[in-house]
$ cat run-v1.cif   # mmCIF, C-alpha atoms
data_structure
loop_
_atom_site.label_atom_id
_atom_site.label_comp_id
_atom_site.auth_asym_id
_atom_site.auth_seq_id
_atom_site.Cartn_x
_atom_site.Cartn_y
_atom_site.Cartn_z
CA MET A 581 21.37 -25.48 25.23
CA TYR A 582 25.08 -24.76 24.84
CA GLY A 583 25.89 -22.38 27.69
CA LYS A 584 25.60 -18.69 28.46
CA HIS A 585 28.78 -17.79 26.55
CA LEU A 586 27.44 -19.24 23.33
CA ALA A 587 24.14 -17.48 23.91
CA PHE A 588 25.90 -14.16 24.39
CA TYR A 589 27.99 -14.47 21.22
CA ALA A 590 25.02 -15.64 19.17
CA LEU A 591 22.90 -12.74 20.42
CA ALA A 592 25.65 -10.24 19.65
CA MET A 593 25.96 -11.48 16.08
CA LEU A 594 22.21 -11.73 15.53
CA CYS A 595 21.73 -8.14 16.69
CA LEU A 596 24.76 -6.49 15.13
CA ALA A 597 25.63 -8.42 11.96
CA SER A 598 25.04 -6.25 8.91
CA GLY A 599 22.84 -8.82 7.19
CA CYS A 600 20.60 -9.12 10.26
CA PHE A 601 20.39 -5.35 10.63
CA PHE A 602 19.05 -4.77 7.13
CA ALA A 603 16.89 -7.90 7.05
CA SER A 604 15.14 -6.85 10.27
CA THR A 605 13.93 -3.61 8.66
CA SER A 606 12.57 -5.17 5.47
CA PHE A 607 8.91 -6.10 5.11
CA MET A 608 9.25 -9.06 2.78
CA PRO A 609 7.72 -12.56 2.71
CA SER A 610 11.15 -14.15 2.90
CA LEU A 611 11.87 -12.16 6.06
CA PHE A 612 8.84 -13.74 7.71
CA SER A 613 10.25 -17.12 6.67
CA MET A 614 13.56 -16.16 8.27
CA TYR A 615 11.83 -15.48 11.60
CA SER A 616 9.92 -18.74 11.27
CA MET A 617 13.18 -20.56 10.56
CA SER A 618 14.63 -19.10 13.75
CA LEU A 619 11.65 -20.16 15.85
CA SER A 620 11.40 -23.60 14.26
CA SER A 621 15.13 -24.25 14.85
CA GLY A 622 14.80 -23.14 18.46
CA LEU A 623 11.84 -25.44 19.09
CA PHE A 624 13.74 -28.29 17.49
CA LEU A 625 16.75 -27.74 19.73
CA LEU A 626 14.42 -27.63 22.76
CA ASP A 627 13.10 -31.07 21.75
CA LYS A 628 9.67 -29.89 20.65
CA PRO A 629 9.44 -31.51 17.20
CA ALA A 630 5.68 -31.14 16.74
CA GLN A 631 5.75 -27.40 17.36
CA ALA A 632 8.81 -27.08 15.12
CA VAL A 633 6.92 -28.68 12.22
CA ALA A 634 3.87 -26.45 12.79
CA VAL A 635 6.03 -23.29 12.72
CA ALA A 636 7.77 -24.56 9.59
CA ALA A 637 4.38 -24.86 7.88
CA VAL A 638 3.56 -21.28 8.88
CA GLY A 639 6.85 -20.01 7.47
CA VAL A 640 6.38 -21.78 4.14
CA ILE A 641 2.70 -21.02 3.54
CA LEU A 642 2.35 -17.53 5.00
CA GLY A 643 5.91 -16.50 4.21
CA TRP A 644 7.84 -17.62 1.16
CA PRO A 645 6.98 -21.06 -0.34
CA PHE A 646 10.52 -21.59 -1.63
CA SER A 647 11.78 -21.56 1.94
CA ILE A 648 10.57 -25.16 2.13
CA LEU A 649 14.10 -26.08 1.04
CA ALA A 650 15.47 -24.59 4.25
CA PHE A 651 12.80 -26.15 6.46
CA LEU A 652 13.17 -29.71 5.11
CA PRO A 653 15.95 -30.96 7.46
CA VAL A 654 14.25 -29.80 10.67
CA THR A 655 10.85 -31.05 9.46
CA LEU A 656 12.04 -34.51 8.37
CA PHE A 657 14.13 -35.08 11.49
CA SER A 658 11.24 -33.93 13.69
CA LEU A 659 8.93 -36.41 11.97
CA SER A 660 11.46 -39.18 12.58
CA LYS A 661 11.56 -38.35 16.29
CA GLN A 662 7.83 -37.95 16.94
CA PHE A 663 5.98 -38.87 13.76
CA LYS A 664 2.34 -39.06 14.86
CA GLN A 665 2.16 -35.78 16.78
CA ALA A 666 4.47 -33.86 14.42
CA PHE A 667 2.52 -35.06 11.37
CA LEU A 668 -0.78 -34.09 13.00
CA TYR A 669 0.48 -30.61 13.96
CA GLY A 670 1.93 -30.02 10.51
CA THR A 671 -1.13 -31.28 8.63
CA VAL A 672 -3.68 -29.32 10.64
CA THR A 673 -1.61 -26.14 10.42
CA SER A 674 -1.06 -26.54 6.67
CA ILE A 675 -4.72 -27.20 5.87
CA ALA A 676 -5.88 -24.24 7.96
CA LEU A 677 -3.32 -21.87 6.45
CA LEU A 678 -4.05 -23.01 2.89
CA ALA A 679 -7.84 -22.88 3.26
CA LEU A 680 -8.06 -19.39 4.74
CA PRO A 681 -6.06 -17.63 1.94
CA ILE A 682 -8.07 -19.52 -0.70
CA LEU A 683 -11.30 -18.16 0.79
CA VAL A 684 -9.86 -14.65 0.98
CA ASP A 685 -8.60 -14.91 -2.62
CA TYR A 686 -12.03 -16.03 -3.78
CA TYR A 687 -13.67 -13.08 -2.06
CA TYR A 688 -11.40 -10.58 -3.83
CA TYR A 689 -10.76 -12.32 -7.17
CA GLN A 690 -14.16 -14.01 -7.57
CA ARG A 691 -12.57 -17.30 -8.62
CA TRP A 692 -11.01 -20.23 -6.86
CA THR A 693 -7.25 -19.80 -6.81
CA SER A 694 -4.28 -20.10 -4.50
CA SER A 695 -1.50 -17.54 -4.44
CA VAL A 696 0.89 -20.14 -3.01
CA PHE A 697 0.37 -22.60 -5.86
CA ASN A 698 0.37 -19.81 -8.45
CA LEU A 699 3.76 -18.65 -7.23
CA LEU A 700 5.18 -22.16 -7.43
CA MET A 701 3.72 -22.78 -10.88
CA TYR A 702 5.06 -19.51 -12.24
CA ASN A 703 8.60 -19.96 -10.99
CA VAL A 704 9.00 -23.75 -11.06
CA LEU A 705 6.77 -24.97 -13.90
CA GLY A 706 7.26 -21.91 -16.07
CA GLY A 707 4.03 -19.95 -16.01
CA GLY A 708 5.71 -16.94 -17.60
CA GLU A 709 9.03 -15.25 -18.16
CA ASN A 710 10.26 -16.11 -14.69
CA HIS A 711 13.91 -16.06 -15.75
CA LEU A 712 13.95 -12.40 -16.73
CA TYR A 713 15.53 -11.32 -13.49
CA GLY A 714 18.08 -14.10 -13.41
CA THR A 715 21.37 -13.05 -11.87
CA PRO A 716 24.86 -14.58 -11.62
CA LEU A 717 26.00 -16.77 -8.75
CA PHE A 718 26.56 -14.08 -6.16
CA TYR A 719 25.42 -15.81 -2.97
CA LEU A 720 28.96 -16.37 -1.74
CA ARG A 721 30.00 -12.78 -2.34
CA ASN A 722 26.90 -11.31 -0.73
CA GLY A 723 27.18 -13.78 2.13
CA PHE A 724 30.61 -12.43 2.98
CA ASN A 725 29.51 -8.81 2.58
CA ASN A 726 26.63 -9.31 5.00
CA PHE A 727 28.25 -11.65 7.55
CA ASN A 728 31.99 -11.38 6.79
CA PHE A 729 33.92 -14.01 8.77
CA CYS A 730 30.74 -15.54 10.23
CA PHE A 731 29.88 -16.68 6.73
CA ILE A 732 33.29 -18.32 6.29
CA PHE A 733 32.98 -20.08 9.65
CA ALA A 734 29.54 -21.33 8.65
CA LEU A 735 30.83 -22.81 5.40
CA LEU A 736 33.66 -24.54 7.26
CA PHE A 737 31.36 -26.01 9.90
CA LEU A 738 31.56 -29.55 8.52
CA ALA A 739 35.35 -29.51 8.76
CA ILE A 740 35.25 -29.07 12.55
CA LEU A 741 32.23 -31.27 13.14
CA PRO A 742 34.33 -34.27 14.37
CA ILE A 743 35.79 -32.09 17.13
CA VAL A 744 32.40 -31.08 18.49
CA ARG A 745 31.05 -33.21 21.31
CA LYS A 746 29.09 -36.08 19.84
CA LYS A 747 25.95 -35.47 21.85
CA TYR A 748 25.58 -32.07 20.16
CA ALA A 749 26.53 -33.10 16.63
CA PRO A 750 23.17 -34.49 15.39
CA ASP A 751 21.07 -31.50 16.40
CA LEU A 752 23.62 -28.94 15.26
CA LEU A 753 24.05 -30.70 11.95
CA ILE A 754 20.30 -30.68 11.33
CA VAL A 755 20.02 -26.99 12.25
CA VAL A 756 22.87 -25.81 10.03
CA SER A 757 22.35 -28.16 7.08
CA PRO A 758 19.76 -25.84 5.42
CA LEU A 759 22.61 -23.42 4.77
CA TYR A 760 24.34 -25.88 2.42
CA ILE A 761 21.07 -27.04 0.86
CA TRP A 762 19.97 -23.47 0.20
CA LEU A 763 23.30 -22.32 -1.21
CA THR A 764 23.62 -25.32 -3.50
CA LEU A 765 20.11 -25.52 -4.93
CA MET A 766 19.36 -21.80 -5.19
CA SER A 767 22.72 -21.01 -6.77
CA LEU A 768 21.87 -23.40 -9.58
CA GLN A 769 18.61 -21.58 -10.35
CA LEU A 770 17.94 -18.43 -12.32
CA HIS A 771 16.17 -16.65 -9.51
CA LYS A 772 14.11 -13.49 -9.45
CA GLU A 773 15.10 -10.41 -7.49
CA GLU A 774 12.57 -9.70 -4.78
CA SER A 775 13.72 -6.14 -4.29
CA ALA A 776 16.39 -3.70 -5.40
CA ASP A 777 18.07 -4.02 -2.03
CA SER A 778 20.65 -6.62 -2.99
CA ILE A 779 22.03 -6.29 0.57
CA ILE A 780 19.37 -8.68 1.88
CA GLN A 781 18.18 -10.54 -1.22
CA CYS A 782 20.47 -13.54 -0.92
CA SER A 783 20.62 -13.84 2.85
CA LEU A 784 17.13 -13.51 4.32
CA LEU A 785 16.44 -17.20 4.64
CA PHE A 786 19.69 -18.28 6.23
CA VAL A 787 20.62 -15.36 8.49
CA LEU A 788 19.92 -17.47 11.54
CA LEU A 789 21.66 -20.50 10.04
CA LEU A 790 24.92 -18.61 9.68
CA GLN A 791 24.86 -17.68 13.32
CA GLN A 792 23.92 -21.19 14.38
CA SER A 793 26.83 -22.56 12.35
CA SER A 794 29.33 -20.22 13.96
CA ARG A 795 28.28 -21.45 17.39
CA ALA A 796 29.94 -24.77 16.74
CA TYR A 797 33.32 -23.12 16.85
CA LEU A 798 32.64 -21.75 20.30
CA ILE A 799 31.66 -25.16 21.68
CA LEU A 800 35.36 -25.98 21.66
CA SER A 801 35.90 -23.64 24.59
CA GLU A 802 33.06 -24.81 26.82
CA THR A 803 34.28 -25.84 30.22
CA ASN A 804 33.00 -29.42 30.14
CA SER A 805 34.66 -30.34 26.86
CA PRO A 806 37.12 -33.26 26.92
CA TYR A 807 39.46 -31.01 24.95
CA ASP A 808 39.65 -28.38 27.71
CA LYS A 809 43.40 -28.80 28.29
CA SER A 810 44.37 -29.13 24.63
CA THR A 811 46.24 -26.44 22.76
CA ILE A 812 43.36 -25.78 20.37
CA VAL A 813 40.98 -24.96 23.23
CA VAL A 814 43.48 -22.62 24.90
CA ILE A 815 43.97 -20.82 21.59
CA ALA A 816 40.20 -20.63 21.06
CA LYS A 817 39.66 -19.07 24.49
CA VAL A 818 42.28 -16.42 23.80
CA LEU A 819 41.22 -15.62 20.26
CA ARG A 820 37.44 -15.70 20.56
CA PRO A 821 37.00 -12.15 22.01
CA GLY A 822 39.29 -10.76 19.33
CA ALA A 823 37.50 -12.70 16.60
CA LEU A 824 34.12 -11.47 17.82
CA CYS A 825 35.39 -7.89 17.90
CA LEU A 826 36.75 -8.22 14.35
CA ILE A 827 33.46 -9.66 13.09
CA LEU A 828 31.37 -6.94 14.70
CA CYS A 829 33.68 -4.15 13.52
CA ALA A 830 33.49 -5.48 9.96
CA SER A 831 29.70 -5.66 10.28
CA HIS A 832 29.49 -2.07 11.47
CA ALA A 833 31.77 -0.97 8.63
CA ARG A 834 29.45 -2.66 6.13
CA THR A 835 26.35 -1.15 7.72
CA PHE A 836 27.81 2.37 7.80
CA SER A 837 28.89 2.09 4.17
CA LEU A 838 25.42 1.12 3.00
CA ILE A 839 23.61 3.71 5.11
CA ASN A 840 25.91 6.59 4.18
CA GLY A 841 26.25 5.50 0.56
CA TYR A 842 22.69 4.65 -0.43
CA ALA A 843 20.26 6.18 2.08
CA ALA A 844 19.64 9.21 -0.15
CA SER A 845 16.98 7.29 -2.08
CA PHE A 846 14.90 7.22 1.14
CA LYS A 847 15.81 10.60 2.57
CA VAL A 848 14.90 12.54 -0.55
CA TYR A 849 11.23 11.55 -0.26
CA LYS A 850 11.02 12.80 3.32
CA ILE A 851 11.93 16.28 2.08
CA LEU A 852 8.59 16.40 0.26
CA ASP A 853 6.96 17.06 3.63
CA HIS A 854 8.36 20.61 3.54
CA TYR A 855 6.84 21.52 0.15
CA ASP A 856 3.15 21.05 0.70
CA ASP A 857 2.67 24.54 -0.75
CA ALA A 858 2.69 22.81 -4.13
CA GLY A 859 -0.95 22.06 -3.45
CA THR A 860 -3.21 19.05 -3.17
CA GLY A 861 -3.13 16.77 -6.19
CA SER A 862 0.53 17.36 -7.01
CA VAL A 863 2.18 14.79 -9.27
CA LEU A 864 5.48 13.18 -8.29
CA CYS A 865 7.39 11.82 -11.29
CA VAL A 866 10.09 9.15 -11.18
CA GLY A 867 12.18 8.10 -14.17
CA SER A 868 15.09 5.69 -14.16
CA GLU A 869 14.98 5.54 -10.36
CA TRP A 870 11.70 3.57 -10.34
CA HIS A 871 13.47 0.54 -8.84
CA ARG A 872 14.53 2.55 -5.77
CA PHE A 873 11.10 4.03 -5.13
CA PRO A 874 10.50 3.09 -1.46
CA SER A 875 6.68 2.78 -1.72
CA SER A 876 3.93 5.35 -1.32
CA PHE A 877 4.32 5.14 2.45
CA PHE A 878 7.05 7.80 2.18
CA VAL A 879 4.97 10.11 -0.02
CA PRO A 880 2.95 12.84 1.79
CA ASP A 881 -0.81 13.04 1.40
CA TYR A 882 -0.82 16.21 -0.68
CA VAL A 883 0.82 14.34 -3.55
CA GLY A 884 -2.09 13.04 -5.58
CA GLU A 885 -0.24 10.38 -7.56
CA VAL A 886 3.16 8.99 -8.41
CA ARG A 887 3.83 8.54 -12.12
CA TRP A 888 6.64 6.99 -14.13
CA ILE A 889 8.34 8.79 -17.01
CA ASN A 890 9.97 6.93 -19.85
CA ASP A 891 13.73 6.77 -19.45
CA GLY A 892 14.21 3.72 -21.64
CA PHE A 893 13.07 0.89 -19.38
CA GLN A 894 11.08 -1.67 -21.37
CA GLY A 895 9.73 -3.76 -18.51
CA LEU A 896 6.34 -3.69 -16.80
CA LEU A 897 5.94 -1.22 -13.92
CA PRO A 898 3.29 -0.98 -11.18
CA PHE A 899 0.04 0.90 -11.80
CA PRO A 900 -2.15 2.76 -9.35
CA PHE A 901 -5.16 0.68 -8.36
CA ASN A 902 -8.04 1.13 -10.78
CA ALA A 903 -11.49 0.03 -9.66
CA THR A 904 -13.15 0.77 -13.02
CA PRO A 905 -12.49 -2.57 -14.85
CA GLY A 906 -14.09 -4.53 -12.02
CA GLY A 907 -12.07 -3.90 -8.89
CA THR A 908 -9.88 -6.63 -7.48
CA SER A 909 -11.59 -9.37 -9.53
CA ALA A 910 -10.61 -7.84 -12.88
CA ALA A 911 -7.55 -8.68 -14.95
CA PRO A 912 -6.53 -5.30 -16.41
CA PRO A 913 -5.33 -5.59 -20.03
CA TYR A 914 -2.25 -3.49 -19.33
CA PHE A 915 -0.76 -6.27 -17.15
CA ASN A 916 1.04 -9.31 -18.55
CA ASN A 917 3.29 -12.16 -17.39
CA LYS A 918 5.99 -11.45 -19.98
CA ASN A 919 7.35 -8.35 -18.25
CA LYS A 920 6.63 -6.25 -21.33
CA ALA A 921 6.19 -2.52 -20.85
CA SER A 922 2.66 -1.23 -21.15
CA TYR A 923 2.03 1.97 -23.06
CA GLU A 924 -0.20 3.31 -20.28
CA GLN A 925 2.45 3.02 -17.57
CA TYR A 926 4.32 6.17 -18.59
CA LEU A 927 3.21 9.77 -18.19
CA GLU A 928 3.46 11.37 -21.60
CA ASP A 929 2.79 14.97 -20.60
CA LEU A 930 5.84 15.88 -18.52
CA GLN A 931 4.36 19.33 -17.91
CA ALA A 932 2.02 17.64 -15.45
CA CYS A 933 4.93 16.75 -13.13
CA SER A 934 5.10 18.89 -10.01
CA PHE A 935 8.18 17.12 -8.65
CA LEU A 936 10.84 14.93 -10.20
CA VAL A 937 13.22 12.49 -8.53
CA GLU A 938 16.44 11.96 -10.47
CA LEU A 939 19.88 10.50 -9.87
CA GLN A 940 22.65 12.46 -11.54
CA LEU A 941 25.84 10.50 -12.09
CA ASP A 942 28.96 11.40 -14.04
CA ARG A 943 27.70 9.83 -17.27
CA PRO A 944 27.42 11.15 -20.83
CA TYR A 945 23.62 11.18 -20.90
CA HIS A 946 21.03 13.87 -20.50
CA HIS A 947 19.65 14.84 -17.09
CA ARG A 948 16.31 16.60 -17.00
CA GLY A 949 17.38 18.51 -13.92
CA ASN A 950 20.00 20.34 -15.98
CA ASP A 951 17.24 22.43 -17.50
CA LEU A 952 17.30 25.20 -14.91
CA SER A 953 14.55 27.10 -16.71
CA THR A 954 12.09 24.32 -15.88
CA TRP A 955 13.32 22.78 -12.64
CA GLU A 956 14.85 23.95 -9.41
CA ALA A 957 16.71 21.55 -7.11
CA VAL A 958 15.17 21.57 -3.65
CA ALA A 959 17.40 18.73 -2.44
CA ALA A 960 20.65 17.18 -3.64
CA LEU A 961 22.06 14.36 -1.53
CA PRO A 962 25.28 12.40 -2.18
CA TYR A 963 24.79 8.90 -3.57
CA LEU A 964 27.54 6.31 -3.96
CA ASP A 965 28.37 5.53 -7.59
CA ARG A 966 28.77 1.77 -7.48
CA GLU A 967 30.19 1.40 -10.99
CA LEU A 968 32.98 3.95 -10.60
CA SER A 969 33.89 3.17 -6.98
CA PRO A 970 36.43 0.40 -6.20
CA ALA A 971 34.82 -2.62 -4.51
CA LYS A 972 37.35 -2.71 -1.66
CA TYR A 973 36.52 0.85 -0.65
CA ARG A 974 32.77 0.95 -1.26
CA SER A 975 31.93 -2.39 0.43
CA PHE A 976 33.13 -1.42 3.92
CA PHE A 977 33.34 1.98 5.57
CA ILE A 978 36.98 2.86 6.19
CA PRO A 979 37.37 6.38 7.61
CA TYR A 980 38.94 8.90 5.22
CA LEU A 981 39.45 6.31 2.45
CA TRP A 982 35.70 5.80 2.01
CA GLU A 983 35.11 9.49 1.31
CA HIS A 984 38.15 10.05 -0.88
CA LYS A 985 38.43 6.81 -2.86
CA ASN A 986 34.78 6.46 -3.84
CA VAL A 987 32.86 8.40 -6.46
CA PHE A 988 29.53 10.02 -5.64
CA GLY A 989 26.60 11.29 -7.66
CA LEU A 990 23.69 13.47 -6.56
CA TYR A 991 20.24 12.16 -5.71
CA LYS A 992 18.00 15.11 -6.48
CA LEU A 993 14.47 16.19 -5.73
CA LEU A 994 13.46 18.75 -8.35
CA LYS A 995 10.47 21.06 -8.22
CA ARG A 996 8.92 22.54 -11.32
CA ILE A 997 9.36 26.29 -11.54
CA SER A 998 6.00 27.99 -11.61
CA LYS A 999 5.49 30.28 -14.57
CA PRO A 1000 4.57 33.86 -13.68
CA LYS A 1001 0.93 34.64 -14.32
#
$ encode --input "run-v1.cif" --output "C-alpha cells"
Amino acid sequence: MYGKHLAFYALAMLCLASGCFFASTSFMPSLFSMYSMSLSSGLFLLDKPAQAVAVAAVGVILGWPFSILAFLPVTLFSLSKQFKQAFLYGTVTSIALLALPILVDYYYYQRWTSSVFNLLMYNVLGGGENHLYGTPLFYLRNGFNNFNFCFIFALLFLAILPIVRKKYAPDLLIVVSPLYIWLTLMSLQLHKEESADSIIQCSLLFVLLLQQSSRAYLILSETNSPYDKSTIVVIAKVLRPGALCLILCASHARTFSLINGYAASFKVYKILDHYDDAGTGSVLCVGSEWHRFPSSFFVPDYVGEVRWINDGFQGLLPFPFNATPGGTSAAPPYFNNKNKASYEQYLEDLQACSFLVELQLDRPYHHRGNDLSTWEAVAALPYLDRELSPAKYRSFFIPYLWEHKNVFGLYKLLKRISKPK
C-alpha cells in the first residue's frame, strides 16, 4: 500500500521489536486477538471491509472479548463503506462462533452457558472480586520498554497527521486509532493480570498498531510526496536508517536483558529430565514461585504431580483435575470467585516432596534450601533481583554494566536427600 521501503521497515520492527518477540511465543487469548487485529487491519487497508469485519468477530469471540475496543474503528468504518455485505459477514461469523462454543460448553458442563458472556459479566458487571489483581497505570512505561522509540512515534502520530498525504490519512487514522482508544479506556480500569509475564501483558493487543503508527513517519520520505524537496524530507531520508538501527538495538538490548535475567524460571524445570532416577510418581513442590510455574508441559512424565507448599500466599491456586465430584460438569467446593485460598491447595506433609523449586534472594527470610541435611541443590541459576537492581540497568542489556550494576539471586532446583536404609 505504501511502498517497499515502508514494508521493509514495518517487517523489521514486527520481527525484531522486543514486544513482538515475547508476544509471539506466548499462548494467550489476547495474542490470538493481536494476530486477528493484524489480519483485520490488513484486509481493511486492502479495501476488503467485509472480510475485515469477519476476522474482527473471530478475534473477539475466539480470542479475547475485551479486544472489541481495539476492533471498533475498523469494524465501524468497514460497515460505513460496505454495510450490507460487511454486516452479513460479521453476523454469520459471530452467530457461528458463539453457537459452537455454547454447544461444547453444554457437553462438558451439562448446562447452557457461554464462556464469552461469563467473562464479560465477571469483569464488567462485577461477578466476583475482579479487581483483586488491579495494577497501577503502567501501560506507558511498559509500552516504552517493549517498543522504545516506536512507542513514542506512535503516540505522536496525530501531530504529524497533517503532513501525511491526504489520500492516506483516513485509512491510516482508522488503523492506528485503536492504540489511543485502548490506552485511554484500559488505563482507567482496574484490570486483571493475565500472566506473570508483565513484558507482554500490556502490549499484546496493540503490537501491530504501534508498528502501523510508526509507518506514518516514513511516508514523508516516499518519492511521490509533494514534500520531496523540502528540508524535512531530506532530513528524514538521512536519519531514518539511523533511527531504525537505534530502535532495533534498543529492542535487542531489552530482549537480551529479559532472557538473561529471567529465563532461569524456565530452564530449571528442564533440568528435571536428568533426574528420572527419583522414580515414577515423584512429587515436585513449588512454594512462593507458583506464579512463575511455566505449566506442566515442562515437567517430565516421571513426576506424578506438582503440589504447592504454603509460603504465605492467601489467594486461590490451581488444582489438579479431579474427576470424582462429577468430572467437568461439577463445581468443586474448593473453588470460589473471591480468590480466597483453599485449605486443600497446599501440601501439608513436606516430607512427600521429592523436588523443590525455590528462589533465593538476599532477603532476611528463611529458605528451605538452606537445610543441607534435607535438600541438595542440583541446579542453581542466576536470577535478576528486580527490587534491588536499578531500573536503568536492569531494563536494557548494556554490556559490563548489566552484570556489575544489577543484583542477582539464585533460582534453585532442590532434591530431597534420601535417608540411608
$ axis_aligned_box --input "run-v1.cif" --around "segment 976-984 of chain A" --padding-each-side "5 Å" --output "JSON"
{"center_x": 36.3, "center_y": 4.3, "center_z": 3.4, "size_x": 16.3, "size_y": 21.5, "size_z": 18.5}
$ residues_around --input "run-v1.cif" --residues "segment 972-981 of chain A" --least-positions-apart "5" --cutoff "9 Å" --atoms "all atoms listed in the file" --output "list in words"
Asn725, Ala830, Ser831, His832, Ala833, Arg834, Thr835, Phe836, Ser837, Leu838, Asn840, Gly841, Leu964, Asp965, Arg966 and Asn986 of chain A
$ write_last_selection --input "run-v1.cif" --atoms "C-alpha atoms" --output "mmCIF file, keeping the file's coordinate frame"
data_model
loop_
_atom_site.group_PDB
_atom_site.id
_atom_site.type_symbol
_atom_site.label_atom_id
_atom_site.label_comp_id
_atom_site.auth_asym_id
_atom_site.auth_seq_id
_atom_site.Cartn_x
_atom_site.Cartn_y
_atom_site.Cartn_z
ATOM 1 C CA ASN A 725 29.510 -8.810 2.580
ATOM 2 C CA ALA A 830 33.490 -5.480 9.960
ATOM 3 C CA SER A 831 29.700 -5.660 10.280
ATOM 4 C CA HIS A 832 29.490 -2.070 11.470
ATOM 5 C CA ALA A 833 31.770 -0.970 8.630
ATOM 6 C CA ARG A 834 29.450 -2.660 6.130
ATOM 7 C CA THR A 835 26.350 -1.150 7.720
ATOM 8 C CA PHE A 836 27.810 2.370 7.800
ATOM 9 C CA SER A 837 28.890 2.090 4.170
ATOM 10 C CA LEU A 838 25.420 1.120 3.000
ATOM 11 C CA ASN A 840 25.910 6.590 4.180
ATOM 12 C CA GLY A 841 26.250 5.500 0.560
ATOM 13 C CA LEU A 964 27.540 6.310 -3.960
ATOM 14 C CA ASP A 965 28.370 5.530 -7.590
ATOM 15 C CA ARG A 966 28.770 1.770 -7.480
ATOM 16 C CA ASN A 986 34.780 6.460 -3.840
#
$ closest_residue --input "run-v1.cif" --among "A:Phe731, A:Tyr719, A:Gly622, A:Ser695" --to "Ser767 of chain A" --atoms "only C-alpha atoms"
A:Tyr719
$ resolve_selection --input "run-v1.cif" --expression "the PyMOL selection byres ((chain A and resi 673-687) around 10)" --output "compact mmCIF listing (two decimals) with C-alpha atoms, keeping the file's coordinate frame"
# COMPACT_ATOMS: atom_id res chain seq x y z
CA VAL A 633 6.92 -28.68 12.22
CA ALA A 634 3.87 -26.45 12.79
CA VAL A 635 6.03 -23.29 12.72
CA ALA A 636 7.77 -24.56 9.59
CA ALA A 637 4.38 -24.86 7.88
CA VAL A 638 3.56 -21.28 8.88
CA VAL A 640 6.38 -21.78 4.14
CA ILE A 641 2.70 -21.02 3.54
CA LEU A 642 2.35 -17.53 5.00
CA PHE A 667 2.52 -35.06 11.37
CA LEU A 668 -0.78 -34.09 13.00
CA TYR A 669 0.48 -30.61 13.96
CA GLY A 670 1.93 -30.02 10.51
CA THR A 671 -1.13 -31.28 8.63
CA VAL A 672 -3.68 -29.32 10.64
CA TYR A 688 -11.40 -10.58 -3.83
CA TYR A 689 -10.76 -12.32 -7.17
CA GLN A 690 -14.16 -14.01 -7.57
CA ARG A 691 -12.57 -17.30 -8.62
CA TRP A 692 -11.01 -20.23 -6.86
CA THR A 693 -7.25 -19.80 -6.81
CA SER A 694 -4.28 -20.10 -4.50
CA SER A 695 -1.50 -17.54 -4.44
CA VAL A 696 0.89 -20.14 -3.01
CA PHE A 697 0.37 -22.60 -5.86
CA THR A 908 -9.88 -6.63 -7.48
CA SER A 909 -11.59 -9.37 -9.53
$ resolve_selection --input "run-v1.cif" --expression "the PyMOL selection byres ((chain A and resi 646-652) around 10)" --output "count of residues only"
46
$ residues_around --input "run-v1.cif" --residues "segment 875-880 of chain A" --least-positions-apart "3" --cutoff "7 Å" --atoms "all atoms listed in the file" --output "ChimeraX atom specification"
/A:849-850,852-853,883
$ atom_distance --input "run-v1.cif" --atom1 "atom CA of His871 of chain A" --atom2 "atom CA of Leu941 of chain A"
16.2 Å
$ resolve_selection --input "run-v1.cif" --expression "the PyMOL selection byres ((chain A and resi 889-896) around 8)" --output "NGL selection string"
:A and (865-868 or 887-888 or 897-898 or 915-916 or 919-922 or 925-928 or 930)
$ closest_residue --input "run-v1.cif" --among "A:Tyr702, A:Gly822, A:Cys933, A:Ala960" --to "Asn917 of chain A" --atoms "all atoms listed in the file"
A:Tyr702
$ residues_around --input "run-v1.cif" --residues "Ala957 of chain A" --least-positions-apart "4" --cutoff "7 Å" --atoms "only C-alpha atoms" --output "list in words"
Lys992, Leu993, Leu994 and Lys995 of chain A
$ atom_distance --input "run-v1.cif" --atom1 "atom CA of Cys730 of chain A" --atom2 "atom CA of Tyr963 of chain A"
28.7 Å
$ atom_distance --input "run-v1.cif" --atom1 "atom CA of Asn726 of chain A" --atom2 "atom CA of Leu586 of chain A"
20.9 Å
$ residues_near_point --input "run-v1.cif" --point "(15.0, 21.3, -8.7)" --cutoff "12 Å" --atoms "all atoms listed in the file" --output "number ranges by chain"
A: 848, 933-939, 947-960, 990-998
$ closest_residue --input "run-v1.cif" --among "A:Asn728, A:Asn722, A:Thr860, A:Ser606" --to "Met593 of chain A" --atoms "only C-alpha atoms"
A:Asn728
$ residues_near_point --input "run-v1.cif" --point "(28.0, -12.6, 13.6)" --cutoff "9 Å" --atoms "all atoms listed in the file" --output "MDAnalysis selection string"
chainID A and resid 589:598 600 727:731 790:791 794 824 827:828 831
$ closest_residue --input "run-v1.cif" --among "A:Ala823, A:Ser660, A:Pro970, A:Ser618" --to "Phe733 of chain A" --atoms "only C-alpha atoms"
A:Ala823
$ decode --input "run-v1.cif" --residues "segment 823-829 of chain A" --atoms "N, CA and C atoms" --output "mmCIF file, in the first residue's frame"
data_model
loop_
_atom_site.group_PDB
_atom_site.id
_atom_site.type_symbol
_atom_site.label_atom_id
_atom_site.label_comp_id
_atom_site.auth_asym_id
_atom_site.auth_seq_id
_atom_site.Cartn_x
_atom_site.Cartn_y
_atom_site.Cartn_z
ATOM 1 N N ALA A 823 17.741 5.907 12.744
ATOM 2 C CA ALA A 823 16.646 5.744 13.703
ATOM 3 C C ALA A 823 16.226 4.285 13.794
ATOM 4 N N LEU A 824 16.143 3.607 12.643
ATOM 5 C CA LEU A 824 15.775 2.194 12.641
ATOM 6 C C LEU A 824 16.815 1.364 13.383
ATOM 7 N N CYS A 825 18.082 1.670 13.155
ATOM 8 C CA CYS A 825 19.161 0.952 13.838
ATOM 9 C C CYS A 825 19.079 1.162 15.348
ATOM 10 N N LEU A 826 18.815 2.400 15.770
ATOM 11 C CA LEU A 826 18.694 2.694 17.201
ATOM 12 C C LEU A 826 17.533 1.930 17.815
ATOM 13 N N ILE A 827 16.402 1.908 17.119
ATOM 14 C CA ILE A 827 15.221 1.213 17.628
ATOM 15 C C ILE A 827 15.492 -0.281 17.778
ATOM 16 N N LEU A 828 16.096 -0.875 16.754
ATOM 17 C CA LEU A 828 16.349 -2.311 16.791
ATOM 18 C C LEU A 828 17.415 -2.675 17.822
ATOM 19 N N CYS A 829 18.423 -1.827 17.981
ATOM 20 C CA CYS A 829 19.437 -2.082 19.009
ATOM 21 C C CYS A 829 18.824 -2.020 20.408
#
